[in-house]
Amino acid sequence: MTGAGVVLLGTVLAALRSHGGDPEAWVRVERRDLVLGAAVEGELRAVDSVDLGPPQIRDVWDFRISFLAPEGTEVSPGDPVLAFDTTQLEHQLREKIAERDAADKEVEQKASDLELEVRQRELSLAEARGRLRKAELKLAVPDEVAKRVELDKARVEKHLAELEIVSLEVGLEQHAAAGRAELEALEEKRTRAAARASELERQVGEMTVRAPRAGTVTYVRDWRGDRKKVGDSTWRAEKVVSIPDLGRMRAEGEVTEADAGRIRVGQRVTLRLEAHPDQEYAGAVRVVRRSVQARSRNDPQKVVRLDIDLDATDPRRMRPGMRFRGQVVAERLPDLLVVPKEAVTWTPEGAAVRRLTLLGEREVLPSLGRRNAELFEVLAGLDEGDRVLVRGRTTEQAK
C-alpha cells in the first residue's frame, strides 16, 4: 500500500471511530420504492366473537361481579367465565321456599279437614235415611193392625226425616263445594310459590355465565376504554367478557383527521404488532368511518376510524385487543433515490446529512422531496451508493 493509501485509510477509520466505531452507522443511499400513505394504529378484533354479560332476569337491572375468569384463559363449552352476586336472589328464594312449604301444609290440613267434615255429614245423612226407613216401615203396617196414634206419629217422623235428608243433602253439597274452592285456592297459592321458587333457583344458576363455545377469554372495554373487574357493578345490557374465534381476525385502526382525506376503501395496509414487532402483516381497508372523533377521553386529537381486513390470521401470535402500528399505502412511487430519515438533520440552511468521502466525512445539503415515516426522496446533492451517517439506530436497525 502506498503512503497516500495508508493516509486515506486512516482518515476513513478515524471518521468511523468518531461516531462510535460502528461501521453499521453508515448506510448507503439507494434506490427503492417510496410508499406514501398515512400512519395507522389500533387494535385487533375477532371477526366472530361471542360477547357475554349479565343474564336477562326479570326485575333485575344492576349486577355485581363476583367472579371473572382470568383474561387469556382457554375455556371449553360449559366452563364458567363470569358470575354475579346472588345474595338478593337467594334471600327471595328462601322466602318463596318457606311460602311454598307452608302452603303445602295448609293444603294437606285443609284436605284432611274437608274429608273429615264430609264423612261426618254423610254419617248424619245415613242416620236420617235410617229414621226415614223406620218411619216408612211403621206406615206400611195395615190400619186394622196399627193404632191410629202410632200411625200419626210415624207419619210425622217420616216427614221430619224427609226434611232432614233434604237439608243434609243440600248442606253436604254446599259444604263440599266451598271446601273444594278453598282447597283449590290453597293449591293455587302453593303452585305459585313453587313456580316462583323454581324460577329463582333457575335464576341463581343463571348468575354463573358459562362459555357457549371453546375459545380464549378476553375482557370487553367500555366507552371509556376500561375493563371490568371483580366487585364492579354492571347493568343488564352491558357486555363484560368475550370469547372470540382466534382463527379469523381483523384490525380496527385510526388515522389522524389530516390524513383521512387520502384514505380509500381497498388501499393496502401493512402493520406490525407491538407485542411482535419482528413480523409484518398485510391487509386492505374495508371500511372508512364517516365521523371524526377524539382519539380517547384523555387525547383530544381528532381521528377517523378504519376497519381493515387482514390477508391472513396468525393464531399463534394474534390475540384480540393487541395493539398495532402500521401504514395505509395511498401511493407507491417506484425506484426513487432515498435516504433514511435518521440521516437527516435540520440547519438554518435546510436539510443536512453527513456523507463519507475518501477524505473523511463532510456535511452536504441535499435537496429533498417527498417523504414517509422512514424515508426522504433525494432530488439532488447525493448519488446512489453514497454512504451517509445514520444517528439513533442500533446495528441491526441500520442493516
# chains A, B, ... in the order shown; residues from 1 in each chain; ligands from 1
>>> select_by_dssp(residues="segment 199-308 of chain A", states="alpha helix (DSSP H)", output="JSON, numbers by chain")
{"A": [199, 200, 201, 202, 203, 204, 205, 206, 257, 258, 259, 260]}
>>> residues_around(residues="segment 264-281 of chain A", least_positions_apart="6", cutoff="10 Å", atoms="only C-alpha atoms", output="ChimeraX atom specification")
/A:37-44,251,287-288,306-314,317-318,322-331
>>> write_last_selection(atoms="C-alpha atoms", output="CSV table (one decimal), in the first residue's frame")
chain,number,residue,atom,x,y,z
A,37,GLY,CA,-49.7,6.9,2.9
A,38,ALA,CA,-50.9,7.5,6.5
A,39,ALA,CA,-49.8,6.1,9.8
A,40,VAL,CA,-52.4,3.9,11.3
A,41,GLU,CA,-52.7,2.4,14.8
A,42,GLY,CA,-55.3,0.4,16.6
A,43,GLU,CA,-56.3,-3.0,18.0
A,44,LEU,CA,-57.0,-6.4,16.7
A,251,ALA,CA,-57.9,-4.8,12.6
A,287,VAL,CA,-64.5,0.5,5.8
A,288,VAL,CA,-63.7,4.2,6.4
A,306,LEU,CA,-61.0,2.3,9.8
A,307,ASP,CA,-61.9,-1.4,9.5
A,308,ILE,CA,-59.0,-3.4,8.0
A,309,ASP,CA,-59.3,-7.0,6.6
A,310,LEU,CA,-56.2,-9.0,7.1
A,311,ASP,CA,-54.8,-11.2,4.4
A,312,ALA,CA,-54.1,-13.9,6.9
A,313,THR,CA,-54.5,-14.6,10.6
A,314,ASP,CA,-51.7,-15.9,12.8
A,317,ARG,CA,-49.4,-14.7,17.8
A,318,MET,CA,-52.6,-12.7,17.3
A,322,MET,CA,-53.4,-6.4,20.8
A,323,ARG,CA,-52.1,-3.0,19.7
A,324,PHE,CA,-50.6,-2.5,16.3
A,325,ARG,CA,-48.9,0.3,14.3
A,326,GLY,CA,-48.7,0.4,10.5
A,327,GLN,CA,-49.3,2.3,7.3
A,328,VAL,CA,-52.1,2.7,4.8
A,329,VAL,CA,-50.5,2.7,1.4
A,330,ALA,CA,-52.1,5.6,-0.5
A,331,GLU,CA,-49.4,5.7,-3.3
>>> residues_around(residues="segment 163-169 of chain A", least_positions_apart="4", cutoff="10 Å", atoms="only C-alpha atoms", output="list in words")
Arg121, Glu122, Ser124, Leu125, Ala126, Glu127, Ala128, Arg129, Arg131, Leu132, Glu157, Lys158, His159, Glu173, Gln174 and His175 of chain A
>>> write_last_selection(atoms="N, CA and C atoms", output="PDB file, in the first residue's frame")
ATOM      1  N   ARG A 121    -120.869 -35.483  57.836  1.00  0.00           N
ATOM      2  CA  ARG A 121    -122.152 -35.119  57.245  1.00  0.00           C
ATOM      3  C   ARG A 121    -122.776 -36.329  56.540  1.00  0.00           C
ATOM      4  N   GLU A 122    -121.974 -37.140  55.918  1.00  0.00           N
ATOM      5  CA  GLU A 122    -122.505 -38.345  55.285  1.00  0.00           C
ATOM      6  C   GLU A 122    -123.065 -39.306  56.342  1.00  0.00           C
ATOM      7  N   SER A 124    -124.400 -38.375  59.264  1.00  0.00           N
ATOM      8  CA  SER A 124    -125.685 -37.784  59.683  1.00  0.00           C
ATOM      9  C   SER A 124    -126.750 -38.054  58.646  1.00  0.00           C
ATOM     10  N   LEU A 125    -126.375 -37.971  57.365  1.00  0.00           N
ATOM     11  CA  LEU A 125    -127.324 -38.240  56.293  1.00  0.00           C
ATOM     12  C   LEU A 125    -127.770 -39.700  56.330  1.00  0.00           C
ATOM     13  N   ALA A 126    -126.848 -40.604  56.611  1.00  0.00           N
ATOM     14  CA  ALA A 126    -127.207 -42.025  56.700  1.00  0.00           C
ATOM     15  C   ALA A 126    -128.151 -42.276  57.863  1.00  0.00           C
ATOM     16  N   GLU A 127    -127.889 -41.619  58.982  1.00  0.00           N
ATOM     17  CA  GLU A 127    -128.777 -41.770  60.132  1.00  0.00           C
ATOM     18  C   GLU A 127    -130.172 -41.251  59.808  1.00  0.00           C
ATOM     19  N   ALA A 128    -130.260 -40.121  59.125  1.00  0.00           N
ATOM     20  CA  ALA A 128    -131.564 -39.568  58.749  1.00  0.00           C
ATOM     21  C   ALA A 128    -132.293 -40.503  57.790  1.00  0.00           C
ATOM     22  N   ARG A 129    -131.580 -41.094  56.882  1.00  0.00           N
ATOM     23  CA  ARG A 129    -132.197 -42.034  55.961  1.00  0.00           C
ATOM     24  C   ARG A 129    -132.670 -43.286  56.706  1.00  0.00           C
ATOM     25  N   ARG A 131    -133.755 -43.309  59.828  1.00  0.00           N
ATOM     26  CA  ARG A 131    -135.011 -42.932  60.502  1.00  0.00           C
ATOM     27  C   ARG A 131    -136.154 -42.884  59.499  1.00  0.00           C
ATOM     28  N   LEU A 132    -135.889 -42.399  58.300  1.00  0.00           N
ATOM     29  CA  LEU A 132    -136.928 -42.358  57.271  1.00  0.00           C
ATOM     30  C   LEU A 132    -137.387 -43.775  56.951  1.00  0.00           C
ATOM     31  N   GLU A 157    -142.837 -38.607  61.893  1.00  0.00           N
ATOM     32  CA  GLU A 157    -141.421 -38.986  61.859  1.00  0.00           C
ATOM     33  C   GLU A 157    -140.911 -39.085  60.418  1.00  0.00           C
ATOM     34  N   LYS A 158    -141.743 -39.614  59.553  1.00  0.00           N
ATOM     35  CA  LYS A 158    -141.332 -39.710  58.152  1.00  0.00           C
ATOM     36  C   LYS A 158    -141.129 -38.333  57.543  1.00  0.00           C
ATOM     37  N   HIS A 159    -142.052 -37.434  57.809  1.00  0.00           N
ATOM     38  CA  HIS A 159    -141.954 -36.090  57.243  1.00  0.00           C
ATOM     39  C   HIS A 159    -140.700 -35.385  57.745  1.00  0.00           C
ATOM     40  N   GLU A 173    -123.663 -30.864  49.922  1.00  0.00           N
ATOM     41  CA  GLU A 173    -123.227 -30.386  48.605  1.00  0.00           C
ATOM     42  C   GLU A 173    -122.583 -29.004  48.704  1.00  0.00           C
ATOM     43  N   GLN A 174    -123.231 -28.094  49.468  1.00  0.00           N
ATOM     44  CA  GLN A 174    -122.690 -26.740  49.605  1.00  0.00           C
ATOM     45  C   GLN A 174    -121.338 -26.754  50.333  1.00  0.00           C
ATOM     46  N   HIS A 175    -121.253 -27.546  51.387  1.00  0.00           N
ATOM     47  CA  HIS A 175    -120.001 -27.605  52.139  1.00  0.00           C
ATOM     48  C   HIS A 175    -118.882 -28.193  51.281  1.00  0.00           C
TER      49      HIS A 175
END
>>> atom_distance(atom1="atom CA of Asp85 of chain A", atom2="atom CA of Trp61 of chain A")
12.7 Å
>>> closest_residue(among="A:Gly247, A:Gly385, A:Gly130, A:Pro212", to="Leu52 of chain A", atoms="only C-alpha atoms")
A:Pro212
>>> closest_residue(among="A:Glu201, A:Glu342, A:Glu71, A:Glu252", to="Val285 of chain A", atoms="only C-alpha atoms")
A:Glu252
>>> closest_residue(among="A:Leu172, A:Leu359, A:Leu200, A:Leu365", to="Thr347 of chain A", atoms="only C-alpha atoms")
A:Leu365
>>> residues_around(residues="segment 100-106 of chain A", least_positions_apart="6", cutoff="7 Å", atoms="only C-alpha atoms", output="count of residues only")
5
>>> closest_residue(among="A:Pro366, A:Val217, A:Glu90, A:Met207", to="Ala352 of chain A", atoms="only C-alpha atoms")
A:Pro366
>>> atom_distance(atom1="atom CA of Asp33 of chain A", atom2="atom CA of Ala351 of chain A")
21.3 Å
>>> closest_atom_pairs(of="segment 9-128 of chain A", to="segment 227-234 of chain A", cutoff="7 Å", atoms="only C-alpha atoms", output="CSV")
residue,atom,partner,partner_atom,distance
A:Asp62,CA,A:Thr234,CA,5.9
A:Phe63,CA,A:Thr234,CA,5.3
A:Arg64,CA,A:Ser233,CA,4.4
A:Ile65,CA,A:Val230,CA,5.2
A:Ser66,CA,A:Val230,CA,5.4
A:Phe67,CA,A:Val230,CA,5.8
A:Leu68,CA,A:Val230,CA,6.3
>>> write_last_selection(atoms="C-alpha atoms", output="PDB file, in the first residue's frame")
ATOM      1  CA  ASP A  62     -77.955  -3.952  38.319  1.00  0.00           C
ATOM      2  CA  PHE A  63     -75.462  -6.743  38.911  1.00  0.00           C
ATOM      3  CA  ARG A  64     -72.255  -7.026  40.913  1.00  0.00           C
ATOM      4  CA  ILE A  65     -69.443  -9.176  39.509  1.00  0.00           C
ATOM      5  CA  SER A  66     -68.306 -11.916  41.910  1.00  0.00           C
ATOM      6  CA  PHE A  67     -66.101 -13.944  39.534  1.00  0.00           C
ATOM      7  CA  LEU A  68     -64.158 -13.332  36.322  1.00  0.00           C
TER       8      LEU A  68
END
>>> residues_around(residues="Asp113 of chain A", least_positions_apart="6", cutoff="10 Å", atoms="only C-alpha atoms", output="ChimeraX atom specification")
/A:107,119,179
>>> write_last_selection(atoms="C-alpha atoms", output="compact mmCIF listing (two decimals), in the first residue's frame")
# COMPACT_ATOMS: atom_id res chain seq x y z
CA VAL A 107 -103.35 -27.85 51.54
CA ARG A 119 -117.65 -38.08 56.45
CA GLY A 179 -114.30 -26.86 50.65
